[in-house]
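Printed here is start-v5.txt (compact mmCIF, C-alpha atoms):
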```
# COMPACT_ATOMS: atom_id res chain seq x y z
CA MET U 1 52.50 -0.04 42.71
CA LYS U 2 52.24 3.37 41.07
CA LYS U 3 53.65 2.02 37.79
CA GLN U 4 51.28 -0.92 37.88
CA LYS U 5 48.34 1.44 38.44
CA GLN U 6 49.43 3.67 35.54
CA SER U 7 49.83 0.60 33.32
CA ALA U 8 46.37 -0.64 34.30
CA ASP U 9 44.84 2.81 33.63
CA ARG U 10 46.57 2.96 30.25
CA GLU U 11 45.33 -0.51 29.32
CA LEU U 12 41.82 0.41 30.46
CA GLY U 13 41.93 3.57 28.35
CA GLU U 14 43.09 1.64 25.29
CA ARG U 15 40.29 -0.86 25.74
CA SER U 16 37.78 1.97 26.10
CA LEU U 17 39.11 3.65 22.96
CA PHE U 18 39.01 0.38 21.02
CA SER U 19 35.43 -0.30 22.16
CA LYS U 20 34.43 3.09 20.74
CA ILE U 21 36.22 2.52 17.43
CA GLU U 22 35.26 -1.15 17.01
CA PRO U 23 31.72 -0.56 15.57
CA TYR U 24 33.15 1.80 12.93
CA LEU U 25 35.74 -0.80 11.93
CA TYR U 26 32.94 -3.26 11.18
CA LEU U 27 31.12 -0.59 9.15
CA LEU U 28 34.26 0.53 7.32
CA PRO U 29 33.86 -1.84 4.31
CA PHE U 30 30.29 -0.62 3.87
CA PHE U 31 31.37 3.04 4.06
CA ILE U 32 34.13 2.40 1.53
CA GLY U 33 31.64 0.78 -0.84
CA ILE U 34 29.22 3.72 -0.46
CA ALA U 35 32.02 6.22 -1.05
CA VAL U 36 33.44 4.45 -4.12
CA PHE U 37 30.25 3.31 -5.84
CA THR U 38 27.74 6.01 -4.77
CA LEU U 39 29.28 9.25 -3.52
CA TYR U 40 32.13 9.46 -6.03
CA PRO U 41 29.91 8.86 -9.11
CA VAL U 42 27.37 11.43 -7.89
CA ILE U 43 30.02 14.06 -7.25
CA ASN U 44 31.69 13.24 -10.58
CA VAL U 45 28.39 13.66 -12.48
CA VAL U 46 27.81 17.05 -10.85
CA LEU U 47 31.31 18.21 -11.80
CA ILE U 48 31.07 16.90 -15.37
CA SER U 49 27.76 18.70 -15.89
CA PHE U 50 29.59 22.03 -15.42
CA LYS U 51 32.54 21.12 -17.66
CA GLU U 52 32.06 22.62 -21.12
CA GLY U 53 33.49 20.59 -23.99
CA TYR U 54 34.32 17.66 -21.71
CA SER U 55 36.16 14.75 -23.37
CA HIS U 56 35.81 11.33 -21.78
CA LEU U 57 39.02 10.00 -23.34
CA SER U 58 41.37 12.81 -22.34
CA ARG U 59 39.38 13.91 -19.25
CA GLY U 60 39.95 17.45 -20.48
CA PHE U 61 37.45 20.29 -20.92
CA ASP U 62 37.37 23.84 -22.23
CA GLN U 63 36.06 25.74 -19.22
CA TRP U 64 33.62 25.71 -16.33
CA GLY U 65 30.12 26.93 -17.14
CA VAL U 66 26.42 26.17 -17.52
CA SER U 67 26.30 25.75 -21.30
CA ASN U 68 25.49 22.03 -20.91
CA TYR U 69 22.32 22.94 -19.04
CA GLN U 70 21.45 25.56 -21.67
CA VAL U 71 21.81 22.96 -24.44
CA VAL U 72 19.70 20.43 -22.55
CA LEU U 73 16.88 22.83 -21.66
CA SER U 74 16.71 24.22 -25.22
CA ASP U 75 16.85 20.82 -26.95
CA PRO U 76 13.46 19.78 -28.46
CA LYS U 77 14.35 16.13 -27.84
CA PHE U 78 14.72 16.82 -24.12
CA SER U 79 11.42 18.73 -24.02
CA GLN U 80 9.79 15.73 -25.68
CA ALA U 81 11.52 13.42 -23.18
CA ILE U 82 10.21 15.43 -20.22
CA GLY U 83 6.67 15.42 -21.62
CA ASN U 84 6.68 11.69 -22.34
CA THR U 85 8.18 10.86 -18.96
CA LEU U 86 5.60 12.96 -17.11
CA LYS U 87 2.76 11.31 -19.05
CA TYR U 88 4.19 7.90 -18.21
CA VAL U 89 4.52 8.73 -14.49
CA LEU U 90 1.05 10.30 -14.22
CA LEU U 91 -0.54 7.26 -15.88
CA VAL U 92 1.48 4.34 -14.53
CA VAL U 93 1.63 5.32 -10.85
CA PRO U 94 -2.13 5.82 -10.21
CA ILE U 95 -3.20 2.88 -12.39
CA SER U 96 -0.68 0.45 -10.92
CA THR U 97 -1.46 1.58 -7.37
CA CYS U 98 -5.23 1.13 -7.77
CA ILE U 99 -4.86 -2.30 -9.38
CA SER U 100 -2.32 -3.38 -6.76
CA VAL U 101 -4.58 -2.39 -3.86
CA VAL U 102 -7.43 -4.50 -5.23
CA VAL U 103 -5.19 -7.48 -6.10
CA ALA U 104 -3.38 -7.39 -2.74
CA TYR U 105 -6.73 -7.21 -0.93
CA LEU U 106 -8.00 -10.27 -2.82
CA LEU U 107 -4.77 -12.21 -2.26
CA ASN U 108 -5.05 -11.45 1.45
CA GLN U 109 -8.48 -13.14 1.66
CA LYS U 110 -7.03 -16.67 1.70
CA LEU U 111 -9.12 -17.78 -1.25
CA ARG U 112 -8.71 -21.06 -3.13
CA PHE U 113 -5.65 -21.20 -5.41
CA SER U 114 -4.31 -17.99 -3.79
CA ALA U 115 -0.77 -19.42 -3.88
CA LEU U 116 -1.10 -19.96 -7.65
CA PHE U 117 -2.29 -16.39 -8.17
CA GLN U 118 0.52 -15.01 -6.00
CA THR U 119 3.08 -16.87 -8.10
CA ALA U 120 1.51 -15.55 -11.30
CA TYR U 121 1.52 -11.95 -10.10
CA PHE U 122 5.08 -12.12 -8.77
CA LEU U 123 6.56 -13.64 -11.96
CA PRO U 124 7.81 -10.29 -13.37
CA MET U 125 10.09 -9.86 -10.35
CA VAL U 126 12.12 -12.95 -11.21
CA THR U 127 12.13 -12.44 -14.98
CA SER U 128 14.46 -10.28 -17.04
CA VAL U 129 12.76 -7.06 -18.14
CA THR U 130 14.37 -7.37 -21.58
CA ALA U 131 13.10 -10.93 -22.07
CA VAL U 132 9.63 -9.94 -20.88
CA GLY U 133 9.74 -6.90 -23.15
CA LEU U 134 10.40 -9.12 -26.17
CA ALA U 135 7.43 -11.30 -25.16
CA TRP U 136 5.22 -8.22 -24.89
CA LYS U 137 6.50 -7.06 -28.27
CA LEU U 138 5.09 -10.26 -29.77
CA MET U 139 1.81 -9.85 -27.89
CA PHE U 140 1.49 -6.27 -29.18
CA ASN U 141 2.09 -7.36 -32.79
CA LYS U 142 -0.64 -5.99 -35.03
CA ASN U 143 -1.17 -9.11 -37.17
CA PHE U 144 -0.64 -12.10 -34.87
CA GLY U 145 -0.42 -10.63 -31.35
CA ILE U 146 -2.63 -12.15 -28.68
CA ILE U 147 -3.85 -8.74 -27.47
CA ASN U 148 -5.44 -7.85 -30.81
CA TYR U 149 -6.75 -11.42 -31.05
CA ILE U 150 -8.57 -11.05 -27.72
CA LEU U 151 -9.88 -7.59 -28.64
CA SER U 152 -11.25 -8.98 -31.90
CA PHE U 153 -13.85 -10.94 -29.91
CA PHE U 154 -15.27 -7.58 -28.79
CA GLY U 155 -15.42 -6.19 -32.31
CA VAL U 156 -12.27 -4.07 -31.99
CA ASP U 157 -10.23 -3.61 -35.17
CA LYS U 158 -6.54 -4.43 -35.21
CA ILE U 159 -4.61 -1.79 -33.27
CA PRO U 160 -1.10 -0.87 -34.51
CA TRP U 161 0.41 -0.78 -31.02
CA LEU U 162 4.02 -0.66 -32.15
CA GLU U 163 3.65 1.02 -35.55
CA ASN U 164 1.48 4.06 -34.81
CA ALA U 165 2.89 7.00 -32.84
CA ALA U 166 -0.52 7.66 -31.26
CA TRP U 167 -0.40 4.24 -29.54
CA SER U 168 3.20 4.51 -28.29
CA ILE U 169 2.38 5.91 -24.84
CA PRO U 170 -0.55 3.48 -24.21
CA THR U 171 1.67 0.56 -25.24
CA LEU U 172 4.45 1.63 -22.92
CA VAL U 173 2.00 2.30 -20.07
CA VAL U 174 0.38 -1.15 -20.35
CA PHE U 175 3.75 -2.86 -20.18
CA GLY U 176 4.96 -0.50 -17.43
CA VAL U 177 1.91 -1.15 -15.24
CA TRP U 178 2.29 -4.92 -15.62
CA ASN U 179 6.00 -4.72 -14.84
CA ILE U 180 5.58 -2.60 -11.70
CA LEU U 181 2.69 -4.57 -10.18
CA PRO U 182 4.64 -7.33 -8.35
CA PHE U 183 6.76 -5.06 -6.14
CA THR U 184 3.74 -2.87 -5.43
CA ILE U 185 1.56 -5.85 -4.52
CA ILE U 186 4.22 -7.21 -2.14
CA LEU U 187 4.41 -3.91 -0.25
CA LEU U 188 0.63 -3.55 -0.04
CA LEU U 189 0.20 -7.19 0.96
CA SER U 190 2.63 -6.70 3.85
CA GLY U 191 0.69 -3.58 4.86
CA LEU U 192 -2.61 -5.48 4.79
CA GLN U 193 -1.21 -8.25 6.97
CA ASN U 194 -0.28 -5.68 9.62
CA ILE U 195 -3.88 -4.46 9.97
CA ASP U 196 -5.49 -5.75 13.17
CA PRO U 197 -8.27 -8.28 12.27
CA GLN U 198 -10.37 -6.93 15.15
CA TYR U 199 -11.34 -3.95 13.00
CA TYR U 200 -12.92 -6.28 10.45
CA THR U 201 -14.60 -8.36 13.14
CA ALA U 202 -16.17 -5.29 14.73
CA ALA U 203 -17.33 -3.99 11.34
CA ARG U 204 -18.99 -7.30 10.44
CA VAL U 205 -20.71 -7.45 13.82
CA ASP U 206 -22.15 -4.00 13.06
CA GLY U 207 -23.45 -5.32 9.74
CA ALA U 208 -21.02 -3.53 7.41
CA ARG U 209 -20.79 -4.93 3.89
CA SER U 210 -17.53 -5.93 2.21
CA LEU U 211 -17.35 -2.86 -0.03
CA ARG U 212 -17.93 -0.51 2.90
CA ILE U 213 -15.30 -2.34 4.96
CA PHE U 214 -12.82 -1.98 2.10
CA PHE U 215 -13.25 1.78 1.71
CA ARG U 216 -13.81 2.68 5.37
CA ILE U 217 -11.28 0.39 7.07
CA THR U 218 -8.81 -1.17 4.65
CA VAL U 219 -7.94 1.87 2.53
CA PRO U 220 -7.53 4.36 5.46
CA LEU U 221 -5.38 1.94 7.48
CA LEU U 222 -3.37 1.10 4.37
CA ALA U 223 -2.81 4.78 3.51
CA PRO U 224 0.82 4.98 4.81
CA THR U 225 1.80 1.97 2.68
CA ILE U 226 -0.05 3.41 -0.33
CA PHE U 227 1.89 6.67 -0.01
CA LEU U 228 5.16 4.70 0.24
CA VAL U 229 4.21 2.77 -2.89
CA CYS U 230 3.39 5.99 -4.75
CA ILE U 231 6.79 7.49 -3.87
CA THR U 232 8.81 4.40 -4.86
CA ASN U 233 6.81 3.92 -8.06
CA THR U 234 7.17 7.59 -8.98
CA ILE U 235 10.95 7.37 -8.63
CA SER U 236 11.18 4.18 -10.68
CA SER U 237 8.75 5.46 -13.34
CA PHE U 238 10.79 8.62 -13.88
CA LYS U 239 13.70 6.33 -14.79
CA VAL U 240 11.78 4.40 -17.44
CA PHE U 241 14.09 2.90 -20.04
CA SER U 242 14.26 -0.90 -19.80
CA GLU U 243 10.54 -1.10 -20.63
CA LEU U 244 10.97 1.09 -23.71
CA TYR U 245 14.12 -0.42 -25.21
CA PRO U 246 12.93 -3.94 -26.16
CA LEU U 247 9.48 -2.87 -27.38
CA PHE U 248 10.75 -0.64 -30.18
CA ASN U 249 14.01 -2.39 -31.15
CA GLY U 250 16.16 -0.03 -29.11
CA LYS U 251 14.56 3.07 -30.64
CA PRO U 252 12.50 5.73 -28.85
CA GLY U 253 9.19 4.81 -30.47
CA PRO U 254 8.29 3.99 -34.09
CA PHE U 255 9.10 7.52 -35.30
CA ASN U 256 11.53 8.61 -32.57
CA ASN U 257 8.51 10.12 -30.83
CA LEU U 258 8.93 8.38 -27.47
CA TYR U 259 12.08 9.86 -26.00
CA THR U 260 12.20 9.57 -22.21
CA VAL U 261 14.69 11.37 -19.98
CA VAL U 262 16.80 8.27 -19.34
CA TYR U 263 16.75 7.40 -23.05
CA TYR U 264 17.87 10.97 -23.79
CA ILE U 265 20.75 10.54 -21.32
CA ARG U 266 21.76 7.30 -23.04
CA TYR U 267 21.46 8.97 -26.45
CA ALA U 268 23.68 11.90 -25.41
CA MET U 269 26.25 9.66 -23.74
CA MET U 270 26.45 6.58 -25.98
CA GLU U 271 25.61 7.92 -29.44
CA ASN U 272 26.78 11.55 -29.34
CA ARG U 273 29.56 11.02 -26.76
CA LYS U 274 28.51 14.28 -25.08
CA TYR U 275 29.05 13.33 -21.46
CA GLY U 276 28.59 16.87 -20.14
CA ILE U 277 25.12 17.10 -21.68
CA ALA U 278 24.24 13.63 -20.38
CA ALA U 279 25.36 14.62 -16.87
CA ALA U 280 23.32 17.84 -17.02
CA ALA U 281 20.23 15.92 -18.15
CA ALA U 282 20.74 13.44 -15.29
CA LEU U 283 20.80 16.27 -12.75
CA VAL U 284 17.66 17.81 -14.25
CA LEU U 285 15.99 14.41 -13.89
CA PHE U 286 17.14 14.27 -10.26
CA LEU U 287 15.54 17.66 -9.62
CA PHE U 288 12.23 16.49 -11.12
CA ILE U 289 12.25 13.35 -8.96
CA PHE U 290 13.17 15.39 -5.88
CA VAL U 291 10.37 17.90 -6.43
CA PHE U 292 7.76 15.18 -7.04
CA THR U 293 8.89 13.28 -3.96
CA MET U 294 8.73 16.39 -1.77
CA VAL U 295 5.24 17.20 -3.05
CA GLN U 296 4.07 13.67 -2.26
CA LEU U 297 5.59 13.80 1.24
CA ALA U 298 3.95 17.16 1.91
CA PHE U 299 0.61 15.80 0.71
CA GLN U 300 1.04 12.74 2.92
CA LYS U 301 1.70 14.90 5.99
CA LYS U 302 -1.32 17.04 5.21
CA MET U 303 -3.56 13.98 4.83
CA SER U 304 -2.23 12.34 8.01
CA LYS U 305 -3.20 15.40 10.08
CA ARG U 306 -6.86 15.06 9.08
```

Let me see the structure of the file written as structure tokens.
Amino acid sequence: MKKQKQSADRELGERSLFSKIEPYLYLLPFFIGIAVFTLYPVINVVLISFKEGYSHLSRGFDQWGVSNYQVVLSDPKFSQAIGNTLKYVLLVVPISTCISVVVAYLLNQKLRFSALFQTAYFLPMVTSVTAVGLAWKLMFNKNFGIINYILSFFGVDKIPWLENAAWSIPTLVVFGVWNILPFTIILLLSGLQNIDPQYYTAARVDGARSLRIFFRITVPLLAPTIFLVCITNTISSFKVFSELYPLFNGKPGPFNNLYTVVYYIRYAMMENRKYGIAAAAALVLFLFIFVFTMVQLAFQKKMSKR
């Protein structure tokens, strides 16, 4: 009897141990994927950024140090890349957010042909950015582009969107805003659909007009989603590259005047084969994104307390 009891206790203990380990066994493939494809590359980039004279072929380097960061921070191309990227972020994020709020609000009104409009606005999400970029390149063409053709009806002279350095940032911003709208509209539309309709009913009973309802009810209740959109769009805008590449034939602007941080990383890694400098630039970009995200979160907390 004693042996049977010990055997039963042992079996019960093994079952209890297995029940504790079982969830982690199901999650193990996911953890392995995260470790191999996320953690290892991040750690490797951090290490490479401190390896001076790193060679990708031999995996060798001269010594540990911060010279890669010194080269990056003193490089005029990187200073230009930071400036252009900041301009892009500060223009694309507010403009795309404002347009998306209005469009999502209209799409949520159940108007006629709303399904057609939703399909039209969501098209960029299912289309290759490179293919769309080539289409926008044709539309921005100075001589036969549709944008200049439409502007000509308003008496506007032909604008050299792709040939003049002064128009490089506006060109990139227009394409960037259009490209980022679908994801933003989807998030805001989901936020609008979670707003209780009773608020609108009560406002209409009190005689509130549509514009007042929009600014006094819709926007405040949609504020958490708007902040989420701003954070996600800020992160994606800092990594601008796929919008730039097809517009200017793989070059950073018509006169190499439109370097962005990600383009600088590609330039250092693919053309100069300086992987240490590319890794250092990537970490500097990460710090910029981190700081901007923290500032936005702090601002959100401050606004939510009011």

Long-range neighbours of Ser49 in chain U as number ranges by chain, 10 Å cut-off, only C-alpha atoms, 3 positions minimum in chain: U: 44-46, 52, 54, 64-69, 275-283

Neighbour list for Ser168 in chain U as JSON, numbers by chain, cut-off 9 Å, all atoms listed in the file, skip fewer than 6 positions in-chain: {"U": [161, 162, 253, 254, 257, 258]}

Each side padded by 3 Å, which centre and which edge lengths in Å (one decimal) define the axis-aligned box around the listed atoms of range 255-271 of chain U? Give them as JSON.
```
{"center_x": 17.5, "center_y": 9.2, "center_z": -27.3, "size_x": 23.9, "size_y": 11.3, "size_z": 22.0}
```

Hey, which bits of range 90-132 of chain U sit within 9 Å of range 213-227 of chain U, and for each residue what's the closest pair of atoms and how far apart in Å (one decimal), counting all atoms listed in the file, rows by chain and increasing number, as a Markdown table?
```
| residue | atom | partner | partner_atom | distance |
| --- | --- | --- | --- | --- |
| U:Thr97 | CA | U:Ile226 | CA | 7.4 |
| U:Val101 | CA | U:Ile226 | CA | 8.2 |
| U:Tyr105 | CA | U:Thr218 | CA | 8.5 |
```

Within 7 Å of range 170-182 of chain U using all atoms listed in the file, minus same-chain residues under 6 positions, as a list of chain:residue names: U:Tyr88, U:Leu91, U:Val92, U:Ser96, U:Ser100, U:Tyr121, U:Phe122, U:Pro124, U:Met125, U:Trp161, U:Glu243, U:Leu244

Two-atom distance - CA of Tyr264 in chain U, CA of Gly145 in chain U (Å): 29.3 Å

Neighbour list for Lys239 in chain U as a ChimeraX atom specification, cut-off 9 Å, all atoms listed in the file, skip fewer than 2 positions in-chain: /U:85,234-237,241-242,260-263,285

Atomic distance CA of Val89 in chain U - CA of Phe183 in chain U, expressed in Å with one decimal: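 Distance between the two atoms: 16.3 Å.
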
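Note that the spacing between CA of Ala166 in chain U and CA of Asn256 in chain U amounts to 12.2 Å.
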
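Each of U:Val284, U:Leu47, U:Phe248, U:Ile169 was compared to Lys87 in chain U using all atoms listed in the file, and U:Ile169 turns out to be the nearest.
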
Among listed residues U:Pro246, U:Phe78, U:Val156, U:Phe31, nearest Trp136 in chain U (using all atoms listed in the file):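 Closest candidate: U:Pro246.
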
Selection near Leu297 in chain U, 12 Å with all atoms listed in the file, sequence-local residues under 3 positions removed, as an MDAnalysis selection string: chainID U and resid 224 226:232 290:294 300:304

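For the set U:Arg273, U:Lys137, U:Arg266, U:Lys20, the residue with the smallest atom-to-atom gap to Pro252 in chain U is U:Arg266, counting all atoms listed in the file.
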
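For the residues U:Gly207, U:Pro160, U:Thr38, U:Ile43, ranking by smallest atom-to-atom distance to Asn148 in chain U using all atoms listed in the file places U:Pro160 first.
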